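One file, target-v2.txt, carrying compact mmCIF, C-alpha atoms and all ligand atoms:
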```txt
# COMPACT_ATOMS: atom_id res chain seq x y z
CA MET A 1464 -6.29 13.12 -26.90
CA SER A 1465 -3.80 11.27 -29.05
CA PHE A 1466 -0.06 10.89 -28.79
CA THR A 1467 1.53 11.67 -32.10
CA THR A 1468 5.08 12.09 -30.81
CA VAL A 1469 6.95 10.40 -27.98
CA ARG A 1470 4.82 9.40 -25.04
CA PRO A 1471 5.19 11.53 -21.89
CA ALA A 1472 6.53 9.87 -18.72
CA SER A 1473 2.97 9.19 -17.55
CA TRP A 1474 -0.58 9.51 -18.80
CA GLN A 1475 -4.06 8.30 -17.80
CA VAL A 1476 -6.22 5.73 -19.51
CA CYS A 1477 -9.89 4.85 -19.02
CA LEU A 1478 -10.21 1.18 -18.08
CA THR A 1479 -13.68 1.01 -19.65
CA CYS A 1480 -13.38 2.73 -23.04
CA GLY A 1481 -9.61 3.06 -23.44
CA SER A 1482 -9.62 6.87 -23.86
CA GLU A 1483 -6.36 8.52 -22.92
CA LEU A 1484 -5.96 11.69 -20.84
CA LEU A 1485 -2.97 13.81 -19.97
CA GLU A 1486 -1.33 13.09 -16.64
CA THR A 1487 -2.35 16.55 -15.47
CA ASP A 1488 -5.99 16.27 -16.53
CA PRO A 1489 -8.01 17.17 -13.41
CA ALA A 1490 -10.85 14.72 -14.21
CA VAL A 1491 -11.12 11.95 -11.64
CA ARG A 1492 -13.15 9.69 -13.94
CA CYS A 1493 -13.18 9.32 -17.72
CA THR A 1494 -14.73 12.45 -19.19
CA GLY A 1495 -16.22 10.37 -22.03
CA CYS A 1496 -17.84 7.35 -20.38
CA GLY A 1497 -17.40 7.87 -16.61
CA GLY A 1498 -15.16 4.80 -16.27
CA LEU A 1499 -12.32 4.41 -13.77
CA LEU A 1500 -8.98 5.86 -14.79
CA GLU A 1501 -5.54 4.35 -14.37
CA VAL A 1502 -2.19 6.11 -14.42
CA ARG A 1503 0.25 4.50 -16.87
CA HIS A 1504 3.99 5.10 -16.92
CA ARG A 1505 6.56 4.65 -19.64
CA PRO A 1506 8.78 1.77 -18.46
CA PRO A 1507 11.67 3.14 -16.39
CA GLU A 1508 14.88 3.61 -18.32
CA LEU A 1509 16.89 1.81 -15.66
CA PRO A 1510 16.83 -2.00 -15.51
CA GLY A 1511 15.28 -3.71 -12.46
CA ALA A 1512 18.58 -4.55 -10.76
CA VAL A 1513 19.74 -0.92 -10.97
CA LEU A 1514 16.39 0.33 -9.67
CA ARG A 1515 16.62 -2.03 -6.69
CA THR A 1516 20.03 -0.62 -5.79
CA LEU A 1517 18.78 2.94 -6.22
CA PHE A 1518 15.83 2.32 -3.87
CA GLN A 1519 18.17 0.73 -1.34
CA THR A 1520 20.61 3.64 -1.29
CA ARG A 1521 17.74 6.04 -0.59
CA CYS A 1522 16.68 4.18 2.57
CA CYS A 1523 19.06 5.70 5.04
CA THR A 1524 19.76 9.09 3.54
CA ARG A 1525 18.88 12.54 4.82
CA PRO A 1526 15.45 12.75 6.45
CA ASP A 1527 13.87 14.49 3.46
CA THR A 1528 11.37 13.29 0.89
CA THR A 1529 13.90 10.89 -0.64
CA HIS A 1530 13.66 8.96 2.59
CA SER A 1531 9.85 8.65 2.33
CA GLY A 1532 8.58 5.12 1.88
CA VAL A 1533 6.55 6.46 -1.05
CA TRP A 1534 8.90 8.89 -2.80
CA ARG A 1535 11.87 6.55 -2.51
CA PHE A 1536 10.09 4.75 -5.35
CA ARG A 1537 9.28 7.90 -7.30
CA GLU A 1538 10.36 6.43 -10.66
CA LEU A 1539 7.44 4.00 -10.33
CA VAL A 1540 4.98 6.41 -8.69
CA LEU A 1541 5.05 9.79 -10.38
CA PRO A 1542 8.15 9.86 -12.60
CA GLY A 1543 7.21 13.04 -14.47
CA ALA A 1544 6.66 15.23 -11.41
CA THR A 1545 9.42 17.74 -10.93
CA ASP A 1546 7.92 19.75 -8.05
CA GLU A 1547 8.72 18.88 -4.46
CA PRO A 1548 6.07 16.44 -3.19
CA VAL A 1549 3.84 17.18 -0.21
CA SER A 1550 5.37 14.56 2.05
CA HIS A 1551 5.38 14.06 5.82
CA PRO A 1552 7.43 11.79 5.08
CA GLU A 1553 5.37 8.59 5.24
CA GLY A 1554 5.80 4.85 4.79
CA ASN A 1555 8.89 3.05 6.08
CA THR A 1556 6.55 0.86 8.08
CA PRO A 1557 7.85 -2.28 9.79
CA LEU A 1558 7.53 -5.87 8.67
CA LEU A 1559 6.89 -7.69 11.93
CA TYR A 1560 7.25 -11.30 12.98
CA ARG A 1561 5.48 -12.61 16.07
CA GLU A 1562 5.50 -16.32 16.69
CA SER A 1563 2.22 -16.27 18.62
CA VAL A 1564 0.29 -14.68 15.76
CA ALA A 1565 1.90 -16.96 13.17
CA ARG A 1566 0.97 -20.01 15.23
CA TRP A 1567 -2.59 -18.80 15.74
CA ALA A 1568 -2.98 -18.16 12.02
CA GLY A 1569 -1.60 -21.62 11.23
CA VAL A 1570 1.20 -20.30 8.99
CA PRO A 1571 4.65 -20.24 10.64
CA ASP A 1572 6.26 -18.10 7.94
CA LEU A 1573 4.04 -15.06 8.47
CA PHE A 1574 5.05 -11.40 8.44
CA LEU A 1575 2.77 -8.52 9.36
CA LYS A 1576 3.28 -5.30 7.42
CA HIS A 1577 2.03 -2.66 9.83
CA GLU A 1578 0.68 0.34 7.96
CA GLY A 1579 -0.62 1.75 11.24
CA HIS A 1580 2.90 3.15 11.69
CA ASN A 1581 2.20 5.86 9.10
CA PRO A 1582 1.96 9.52 10.26
CA THR A 1583 -1.83 9.58 10.71
CA GLY A 1584 -1.97 5.90 11.66
CA SER A 1585 -3.13 4.20 8.46
CA PHE A 1586 -2.00 3.24 4.96
CA LYS A 1587 -4.04 6.12 3.55
CA ASP A 1588 -1.06 8.46 3.98
CA ARG A 1589 0.76 6.67 1.16
CA GLY A 1590 -2.02 7.47 -1.27
CA MET A 1591 -2.67 10.92 0.12
CA THR A 1592 0.90 12.23 -0.25
CA VAL A 1593 0.57 11.51 -3.98
CA GLY A 1594 -3.04 12.70 -4.20
CA ILE A 1595 -2.28 16.04 -2.56
CA THR A 1596 0.92 16.45 -4.59
CA GLN A 1597 -1.20 15.93 -7.71
CA ALA A 1598 -3.82 18.37 -6.39
CA ARG A 1599 -1.10 20.99 -6.23
CA ARG A 1600 0.20 20.13 -9.71
CA ILE A 1601 -3.19 20.70 -11.28
CA GLY A 1602 -3.84 23.85 -9.26
CA ALA A 1603 -6.76 22.52 -7.19
CA GLN A 1604 -8.30 25.16 -4.90
CA ALA A 1605 -9.86 22.74 -2.41
CA VAL A 1606 -9.98 18.98 -1.83
CA ALA A 1607 -12.68 16.58 -0.66
CA CYS A 1608 -13.46 12.95 0.11
CA ALA A 1609 -16.09 10.64 1.54
CA SER A 1610 -14.70 8.46 4.30
CA THR A 1611 -15.22 5.82 6.93
CA GLY A 1612 -12.61 7.78 8.90
CA ASN A 1613 -9.04 6.98 7.89
CA THR A 1614 -9.13 8.69 4.51
CA SER A 1615 -10.56 11.80 6.13
CA ALA A 1616 -7.82 11.95 8.79
CA SER A 1617 -5.15 11.54 6.14
CA LEU A 1618 -6.72 14.03 3.72
CA ALA A 1619 -7.01 16.56 6.52
CA ALA A 1620 -3.34 16.20 7.48
CA TYR A 1621 -1.91 16.47 3.98
CA ALA A 1622 -4.29 19.25 2.96
CA ALA A 1623 -3.16 21.17 6.05
CA GLN A 1624 0.47 20.72 5.04
CA ALA A 1625 -0.30 21.93 1.51
CA GLY A 1626 -2.43 24.83 2.74
CA LEU A 1627 -5.53 23.58 0.91
CA PRO A 1628 -9.06 23.73 2.35
CA ALA A 1629 -10.42 20.20 2.91
CA PHE A 1630 -14.01 18.96 3.13
CA VAL A 1631 -14.95 15.45 4.23
CA LEU A 1632 -18.27 13.62 4.19
CA VAL A 1633 -18.66 10.89 6.80
CA PRO A 1634 -21.62 8.65 7.66
CA ALA A 1635 -23.22 10.29 10.71
CA GLY A 1636 -22.57 8.36 13.92
CA LYS A 1637 -20.60 5.63 12.15
CA VAL A 1638 -17.01 6.87 12.39
CA SER A 1639 -14.73 6.23 15.37
CA MET A 1640 -14.08 9.19 17.67
CA GLY A 1641 -10.31 8.97 17.20
CA LYS A 1642 -10.53 9.35 13.43
CA LEU A 1643 -13.03 12.22 13.70
CA ALA A 1644 -10.86 13.97 16.27
CA GLN A 1645 -7.83 13.75 13.96
CA THR A 1646 -9.80 15.14 11.04
CA VAL A 1647 -11.12 18.08 13.03
CA GLY A 1648 -7.75 18.69 14.67
CA TYR A 1649 -5.96 18.98 11.33
CA GLY A 1650 -8.51 21.59 10.33
CA ALA A 1651 -10.81 19.92 7.81
CA ARG A 1652 -14.51 20.71 7.63
CA VAL A 1653 -16.48 17.59 8.59
CA LEU A 1654 -19.97 17.07 7.21
CA ALA A 1655 -21.81 14.18 8.86
CA VAL A 1656 -24.24 12.80 6.29
CA LYS A 1657 -27.42 11.08 7.41
CA GLY A 1658 -26.66 7.95 5.43
CA ASP A 1659 -24.00 5.28 5.04
CA PHE A 1660 -20.52 5.55 3.47
CA ASP A 1661 -21.83 4.56 0.06
CA ALA A 1662 -24.30 7.46 0.18
CA CYS A 1663 -21.45 9.83 1.14
CA LEU A 1664 -19.34 8.69 -1.80
CA ARG A 1665 -22.25 8.94 -4.24
CA LEU A 1666 -22.99 12.46 -3.03
CA ILE A 1667 -19.44 13.81 -3.22
CA GLU A 1668 -18.77 12.12 -6.59
CA ALA A 1669 -21.87 13.74 -8.04
CA SER A 1670 -21.11 17.20 -6.65
CA SER A 1671 -17.34 17.67 -6.37
CA ALA A 1672 -16.66 19.01 -9.88
CA GLU A 1673 -19.50 21.53 -9.69
CA LEU A 1674 -18.37 22.68 -6.25
CA GLY A 1675 -14.76 23.11 -7.38
CA LEU A 1676 -13.47 20.32 -5.14
CA TYR A 1677 -10.73 17.91 -6.25
CA LEU A 1678 -11.94 14.45 -5.22
CA LEU A 1679 -9.39 12.38 -3.34
CA ASN A 1680 -11.18 9.11 -2.73
CA SER A 1681 -9.43 6.07 -4.16
CA VAL A 1682 -11.40 6.41 -7.41
CA ASN A 1683 -8.71 9.03 -7.97
CA PRO A 1684 -5.97 7.01 -9.70
CA PHE A 1685 -3.14 9.02 -8.15
CA ARG A 1686 -4.08 7.71 -4.71
CA LEU A 1687 -3.42 4.21 -5.97
CA GLU A 1688 0.01 5.16 -7.29
CA GLY A 1689 1.01 5.96 -3.71
CA GLN A 1690 -0.59 2.86 -2.23
CA LYS A 1691 1.43 0.71 -4.63
CA THR A 1692 4.43 1.42 -2.41
CA ILE A 1693 3.09 -0.85 0.36
CA ILE A 1694 3.97 -3.66 -2.03
CA LEU A 1695 7.25 -2.18 -3.24
CA GLU A 1696 8.42 -1.56 0.30
CA LEU A 1697 7.52 -5.02 1.57
CA LEU A 1698 9.26 -6.61 -1.42
CA GLN A 1699 12.32 -4.52 -0.67
CA GLN A 1700 12.19 -5.60 2.99
CA LEU A 1701 12.10 -9.22 1.85
CA GLY A 1702 15.14 -8.67 -0.38
CA TRP A 1703 12.84 -8.76 -3.45
CA GLU A 1704 12.00 -12.38 -2.70
CA VAL A 1705 8.35 -12.75 -3.61
CA PRO A 1706 6.11 -14.20 -0.86
CA ASP A 1707 3.57 -16.85 -1.84
CA TRP A 1708 0.57 -14.92 -0.56
CA ILE A 1709 -0.30 -11.36 0.41
CA VAL A 1710 -3.44 -11.03 2.54
CA LEU A 1711 -5.29 -7.73 2.98
CA PRO A 1712 -8.66 -6.39 4.09
CA GLY A 1713 -11.00 -5.18 1.35
CA GLY A 1714 -13.46 -2.30 1.61
CA ASN A 1715 -13.57 0.14 -1.28
CA LEU A 1716 -10.92 -2.09 -2.97
CA GLY A 1717 -8.42 0.70 -3.60
CA ASN A 1718 -5.59 -1.27 -2.01
CA THR A 1719 -6.49 -4.43 -3.88
CA SER A 1720 -6.27 -2.46 -7.12
CA ALA A 1721 -3.03 -0.74 -6.16
CA PHE A 1722 -1.41 -3.99 -5.04
CA GLY A 1723 -2.18 -5.70 -8.33
CA LYS A 1724 -0.84 -2.79 -10.34
CA ALA A 1725 2.34 -2.63 -8.26
CA LEU A 1726 2.97 -6.35 -8.70
CA GLU A 1727 2.35 -6.40 -12.42
CA GLU A 1728 4.59 -3.39 -12.95
CA ALA A 1729 7.31 -4.79 -10.69
CA LYS A 1730 7.32 -7.97 -12.77
CA ALA A 1731 7.20 -6.17 -16.11
CA TRP A 1732 10.05 -3.88 -15.09
CA GLY A 1733 12.35 -6.60 -13.81
CA LEU A 1734 12.11 -6.05 -10.05
CA ILE A 1735 10.58 -9.47 -9.36
CA ASP A 1736 10.28 -12.63 -11.40
CA ARG A 1737 6.84 -13.91 -10.40
CA LEU A 1738 3.57 -12.74 -8.86
CA PRO A 1739 2.35 -13.72 -5.39
CA ARG A 1740 -1.31 -14.61 -4.93
CA LEU A 1741 -3.60 -12.09 -3.24
CA ALA A 1742 -6.23 -12.93 -0.64
CA VAL A 1743 -8.75 -10.15 -0.01
CA ILE A 1744 -10.73 -10.45 3.22
CA GLN A 1745 -14.05 -8.71 3.83
CA ALA A 1746 -16.30 -8.55 6.88
CA ALA A 1747 -19.27 -10.86 6.38
CA GLY A 1748 -21.76 -8.00 6.79
CA ALA A 1749 -19.95 -5.93 4.15
CA ALA A 1750 -18.84 -8.55 1.65
CA PRO A 1751 -20.13 -7.73 -1.83
CA PHE A 1752 -16.75 -8.54 -3.40
CA ALA A 1753 -16.61 -11.95 -1.70
CA ALA A 1754 -20.12 -12.65 -3.01
CA GLY A 1755 -19.01 -11.58 -6.48
CA PHE A 1756 -15.98 -13.86 -6.30
CA GLU A 1757 -18.19 -16.83 -5.33
CA GLN A 1758 -20.18 -16.39 -8.52
CA GLY A 1759 -17.18 -15.87 -10.78
CA PHE A 1760 -17.70 -12.08 -10.91
CA ARG A 1761 -20.59 -12.55 -13.31
CA GLU A 1762 -22.18 -9.39 -11.99
CA ARG A 1763 -21.48 -6.51 -9.68
CA VAL A 1764 -22.89 -7.01 -6.17
CA ARG A 1765 -24.06 -4.28 -3.80
CA VAL A 1766 -25.14 -4.76 -0.18
CA ASP A 1767 -26.29 -2.67 2.80
CA ALA A 1768 -23.14 -2.93 4.89
CA GLU A 1769 -22.93 -3.60 8.62
CA THR A 1770 -19.89 -4.73 10.66
CA VAL A 1771 -17.95 -3.85 13.82
CA ALA A 1772 -15.00 -3.07 11.54
CA SER A 1773 -16.29 0.44 10.76
CA ALA A 1774 -13.40 1.23 8.36
CA ILE A 1775 -14.67 -1.40 5.93
CA ARG A 1776 -18.40 -0.86 6.37
CA ILE A 1777 -18.74 -0.40 2.61
CA GLY A 1778 -21.43 -2.00 0.46
CA ASN A 1779 -20.64 -0.77 -3.05
CA PRO A 1780 -16.85 -0.72 -3.58
CA ALA A 1781 -15.75 2.01 -5.98
CA SER A 1782 -12.75 0.13 -7.41
CA TRP A 1783 -14.73 -3.05 -8.21
CA ASP A 1784 -13.68 -3.30 -11.86
CA ARG A 1785 -10.01 -2.74 -11.16
CA ALA A 1786 -10.05 -5.24 -8.29
CA VAL A 1787 -11.71 -7.98 -10.36
CA ARG A 1788 -8.82 -7.78 -12.83
CA VAL A 1789 -6.33 -8.01 -9.98
CA ILE A 1790 -7.91 -11.14 -8.49
CA GLN A 1791 -7.91 -12.73 -11.93
CA ALA A 1792 -4.30 -11.70 -12.70
CA THR A 1793 -2.94 -12.97 -9.36
CA ASP A 1794 -5.08 -16.12 -9.15
CA GLY A 1795 -6.38 -14.53 -5.98
CA VAL A 1796 -9.18 -15.41 -3.59
CA VAL A 1797 -11.78 -13.33 -1.76
CA LEU A 1798 -13.23 -14.44 1.55
CA ALA A 1799 -15.72 -13.12 4.10
CA VAL A 1800 -15.11 -13.55 7.84
CA SER A 1801 -17.51 -12.91 10.71
CA ASP A 1802 -17.19 -10.05 13.18
CA GLU A 1803 -16.38 -12.67 15.85
CA GLU A 1804 -13.46 -13.95 13.79
CA ILE A 1805 -12.25 -10.37 13.24
CA LEU A 1806 -12.36 -9.58 16.95
CA ALA A 1807 -10.62 -12.86 17.84
CA ALA A 1808 -7.82 -12.04 15.38
CA LYS A 1809 -7.58 -8.52 16.77
CA GLY A 1810 -7.20 -10.00 20.26
CA GLU A 1811 -4.25 -12.08 19.06
CA VAL A 1812 -2.56 -9.15 17.34
CA ASP A 1813 -3.13 -6.90 20.35
CA ARG A 1814 -1.85 -9.45 22.86
CA ALA A 1815 1.27 -10.01 20.77
CA GLY A 1816 2.13 -6.40 21.67
CA ILE A 1817 1.40 -5.12 18.17
CA GLY A 1818 -2.20 -3.94 18.10
CA CYS A 1819 -4.32 -2.89 15.16
CA GLU A 1820 -7.80 -1.62 14.41
CA PRO A 1821 -10.62 -4.14 13.78
CA ALA A 1822 -10.64 -3.75 9.97
CA SER A 1823 -6.93 -4.60 9.87
CA ALA A 1824 -7.45 -7.78 11.85
CA ALA A 1825 -9.69 -9.07 9.07
CA SER A 1826 -6.55 -10.06 7.17
CA VAL A 1827 -5.28 -12.25 10.01
CA ALA A 1828 -8.75 -13.72 10.57
CA GLY A 1829 -9.04 -14.56 6.88
CA LEU A 1830 -5.59 -16.08 6.75
CA ARG A 1831 -6.40 -18.38 9.66
CA ARG A 1832 -9.50 -19.64 7.87
CA LEU A 1833 -7.76 -20.07 4.51
CA ALA A 1834 -4.96 -22.05 6.17
CA ALA A 1835 -7.43 -24.18 8.15
CA GLU A 1836 -9.38 -24.95 4.97
CA GLY A 1837 -6.17 -25.89 3.15
CA ARG A 1838 -6.55 -23.10 0.64
CA ILE A 1839 -3.28 -21.58 1.81
CA ASP A 1840 -0.47 -24.11 2.27
CA PRO A 1841 0.83 -23.99 5.87
CA HIS A 1842 4.39 -23.92 4.49
CA ALA A 1843 3.70 -20.85 2.38
CA ARG A 1844 5.41 -17.54 3.05
CA VAL A 1845 2.67 -15.04 3.78
CA VAL A 1846 2.57 -11.30 4.38
CA ALA A 1847 -0.60 -9.98 6.01
CA ILE A 1848 -1.27 -6.25 5.88
CA LEU A 1849 -2.35 -4.45 9.05
CA THR A 1850 -3.92 -1.33 7.64
CA GLY A 1851 -4.54 0.82 10.72
CA HIS A 1852 -3.25 1.59 14.22
CA MET A 1853 -4.75 0.18 17.40
CA LEU A 1854 -5.68 3.65 18.69
CA LYS A 1855 -7.77 4.37 15.60
CA ASP A 1856 -10.79 2.53 16.93
CA THR A 1857 -10.79 2.00 20.67
CA ASP A 1858 -14.57 1.76 21.08
CA ARG A 1859 -14.43 -2.05 21.15
CA LEU A 1860 -11.25 -2.40 23.18
CA LEU A 1861 -12.76 -1.49 26.50
CA GLY A 1862 -16.13 -2.98 25.65
CA GLY A 1863 -18.24 0.10 26.45
CA PRO A 1864 -18.79 1.61 29.93
CA ALA A 1865 -19.49 -1.78 31.59
CA GLY A 1866 -16.42 -3.41 30.08
CA ARG A 1867 -14.28 -0.43 30.99
CA LYS A 1868 -15.22 -0.81 34.64
CA LYS A 1869 -14.04 -4.40 34.55
CA ALA A 1870 -10.86 -3.76 32.57
CA VAL A 1871 -9.79 -0.65 34.44
CA ARG A 1872 -10.46 -1.14 38.14
CA GLU A 1873 -10.56 1.87 40.45
CA ILE A 1874 -8.81 1.52 43.81
CA GLU A 1875 -8.24 3.61 46.91
CA PRO A 1876 -4.79 5.30 47.04
CA THR A 1877 -3.45 2.93 49.72
CA ALA A 1878 -0.79 0.21 49.74
CA ALA A 1879 -3.32 -2.28 51.08
CA ALA A 1880 -5.77 -1.65 48.25
CA LEU A 1881 -2.97 -1.93 45.71
CA ALA A 1882 -1.71 -5.22 47.18
CA ARG A 1883 -5.26 -6.63 47.25
CA ALA A 1884 -5.88 -5.72 43.61
CA ILE A 1885 -2.61 -7.20 42.41
CA LYS A 1886 -3.08 -10.38 44.40
CA ARG A 1887 -6.54 -10.82 42.95
CA ASP A 1888 -5.32 -10.31 39.37
CA ARG A 1889 -2.38 -12.68 39.75
CA ALA A 1890 -4.68 -15.33 41.14
CA GLY A 1891 -6.62 -14.92 37.91
C1 LIG B 1 -8.03 0.46 8.33
O1 LIG B 1 -11.15 5.71 5.22
O2 LIG B 1 -12.47 3.57 2.89
O3 LIG B 1 -10.25 -1.69 0.26
O4 LIG B 1 -12.81 6.06 3.87
O5 LIG B 1 -9.46 2.37 6.84
O6 LIG B 1 -8.54 0.10 -0.08
O7 LIG B 1 -10.84 0.67 0.69
C2 LIG B 1 -11.02 3.01 4.65
C3 LIG B 1 -10.66 1.77 4.24
C4 LIG B 1 -8.94 -1.33 5.25
C5 LIG B 1 -10.15 -0.83 3.20
N1 LIG B 1 -8.44 -1.04 6.45
O8 LIG B 1 -9.25 -0.48 2.17
C6 LIG B 1 -11.93 5.31 4.36
C7 LIG B 1 -11.85 3.91 3.88
C8 LIG B 1 -8.60 0.20 6.98
C9 LIG B 1 -9.31 1.18 6.28
C10 LIG B 1 -9.64 -0.41 4.51
C11 LIG B 1 -9.87 0.85 5.01
P1 LIG B 1 -9.74 -0.34 0.66
```
Could you write out this file's structure as structure tokens?
Amino acid sequence: MSFTTVRPASWQVCLTCGSELLETDPAVRCTGCGGLLEVRHRPPELPGAVLRTLFQTRCCTRPDTTHSGVWRFRELVLPGATDEPVSHPEGNTPLLYRESVARWAGVPDLFLKHEGHNPTGSFKDRGMTVGITQARRIGAQAVACASTGNTSASLAAYAAQAGLPAFVLVPAGKVSMGKLAQTVGYGARVLAVKGDFDACLRLIEASSAELGLYLLNSVNPFRLEGQKTIILELLQQLGWEVPDWIVLPGGNLGNTSAFGKALEEAKAWGLIDRLPRLAVIQAAGAAPFAAGFEQGFRERVRVDAETVASAIRIGNPASWDRAVRVIQATDGVVLAVSDEEILAAKGEVDRAGIGCEPASAASVAGLRRLAAEGRIDPHARVVAILTGHMLKDTDRLLGGPAGRKKAVREIEPTAAALARAIKRDRAG
């Protein structure tokens, strides 16, 4: 299409061939070349300082969609949408400080942005409220995704709210019970594919259009518009003072892409005056992007993924091209950490009384290593993103049946047995 008159509030552009599509085009990829799409907005009419005040006044208003941590920023998310969004509401997640975690990471000025406080327990809700709102706008009859678990739980919840049938493909036997239970409970149809996540995504991408399913994986650019608000909200919480680094886990690289877009727009539109650097952390057994970074992104890397952090067990990240641009634009780094480092970081976050799922702890594990190696200055202000709630993946917490027996001791219902047990524990 071509724009002969005034541009609409938003439109889509293919990042590979530059073709432009209407904002309401239902295609999830470029219809010409198959490239990834990006939503572009006309710059807001209000200057940055006025926007900041507007966002602030919406924080403590009526508990409706204005109050949502996504739709509070609607001018930067989906400015042309006039219909009421499908919102829980979501977002408004805390920015936490815990001295013990900061000390362990080696960076005293560390905040943890806990996206596990979203309605279904992960950051995915921020993307899904926009994705499902867009599904409604284009008249989708059913929605679908491939998932390592969190996307499916979120899709199921928002599809239920919108009254849309939802279908999810998950790698058989590789998704935590909590995430599966959520997905089933919200009423989605779960199809366990005998293959890994990458096979699930390939399958649903190839078949969704033919089956009449609107695809809501993060290849869908509207998901990313919602996930941008993690950045907008944390900047607002910091009084729009830009941190030096933002550290996040990387799997399919949707968040990495969304974060970069949010930051570049925030700078272009006068909300902030400089960009922070991004550090993307992958699990060593699922680290194609870290391998790509090491070789200057000369070529796209794919691996067979394996890690305890099941949420990021992804070997062929869909948003690769977008994420490469973001690392280059923010002078970012990409690092792989071992499962042992991830579990050690999770232990620290859990014992600080916060808790998170293993994939989330990758950000804290990576930060510790980057600080120890001098790649992040210990005096830097850092925000690390915790992407999912502690209860999302409890399989590791109790260490299987044997570990559970040790962690949760059974006693007789007598005062003597109770006293004995407590004495023993206090003695260490
Ligand atoms: C807790 O649910 O891909 O790099 O299908 O659940 O934006 O993909 C989950 C990803 C990090 C990685 N932390 O984010 C899915 C899925 C948690 C996650 C990631 C995921 P991206």
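Minimum atom-to-atom distances from A:Ile1775, A:Val1570, A:Ala1808, A:Cys1493 to A:Gly1837 were compared using all atoms listed in the file, and the lowest value belongs to A:Val1570.
Residue nearest ligand LIG 1 (chain B) within the list A:Leu1738, A:Ala1619, A:Ala1879, A:Ala1834: A:Ala1619 [criterion: smallest interatomic distance, all atoms listed in the file].
The contact shell of ligand LIG 1 (chain B), defined as all polymer residues within 6 Å when all atoms listed in the file are used, comprises Ser1610, Thr1611, Gly1612, Asn1613, Thr1614, Pro1712, Gly1713, Gly1714, Asn1715, Leu1716, Gly1717, Asn1718, Ala1774, Ile1775, Ala1822, Ser1823, Thr1850 and Gly1851 of chain A.
The residue set within 10 Å of A:Met1591, counting only C-alpha atoms and dropping same-chain residues fewer than 6 places from it, reads Val1549, Ser1550, Glu1553, Gln1597, Ala1598, Thr1614, Ser1615, Ser1617, Leu1618, Ala1619, Ala1620, Tyr1621, Ala1622, Leu1679, Asn1680, Ser1681, Phe1685, Arg1686, Leu1687, Glu1688, Gly1689 and Gln1690 of chain A.
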Quick one: which stretch 1515-1550 of chain A residues come within 12 Å of stretch 1730-1734 of chain A, and what is the nearest atom pair for each with the distance in Å to one decimal, counting all atoms listed in the file, rows ordered by chain and ascending number, as a Markdown table?
```
| residue | atom | partner | partner_atom | distance |
| --- | --- | --- | --- | --- |
| A:Arg1515 | CA | A:Leu1734 | CA | 6.9 |
| A:Thr1516 | CA | A:Leu1734 | CA | 10.5 |
| A:Leu1517 | CA | A:Leu1734 | CA | 11.8 |
| A:Phe1518 | CA | A:Leu1734 | CA | 11.0 |
| A:Phe1536 | CA | A:Leu1734 | CA | 12.0 |
| A:Glu1538 | CA | A:Trp1732 | CA | 11.2 |
| A:Leu1539 | CA | A:Trp1732 | CA | 9.6 |
```
Atom CA of A:Ala1725 to atom CA of A:Leu1541, straight-line distance in Å: 12.9 Å
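With distances restricted to only C-alpha atoms, A:Gly1590 is the closest residue to A:Ile1693 from A:Gly1590, A:Gly1650, A:Pro1841, A:Pro1542.
Take atom CA of A:Gly1602 and atom CA of A:Glu1501: the distance between them is 20.2 Å.
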Got a sec: who's within 8 Å of A:Phe1752, counting only C-alpha atoms, leaving out chain neighbours fewer than 3 positions off, as a ChimeraX atom specification? /A:1745,1755-1756,1764,1780,1783,1797
The distance between atom CA of A:Ala1824 and atom CA of A:Leu1806 is 7.3 Å
Got a sec to check which residues sit within 7 Å of (9.3, -12.3, 3.0), counting all atoms listed in the file, and write them as a PyMOL selection string? chain A and resi 1574+1701+1704-1706+1844+1846
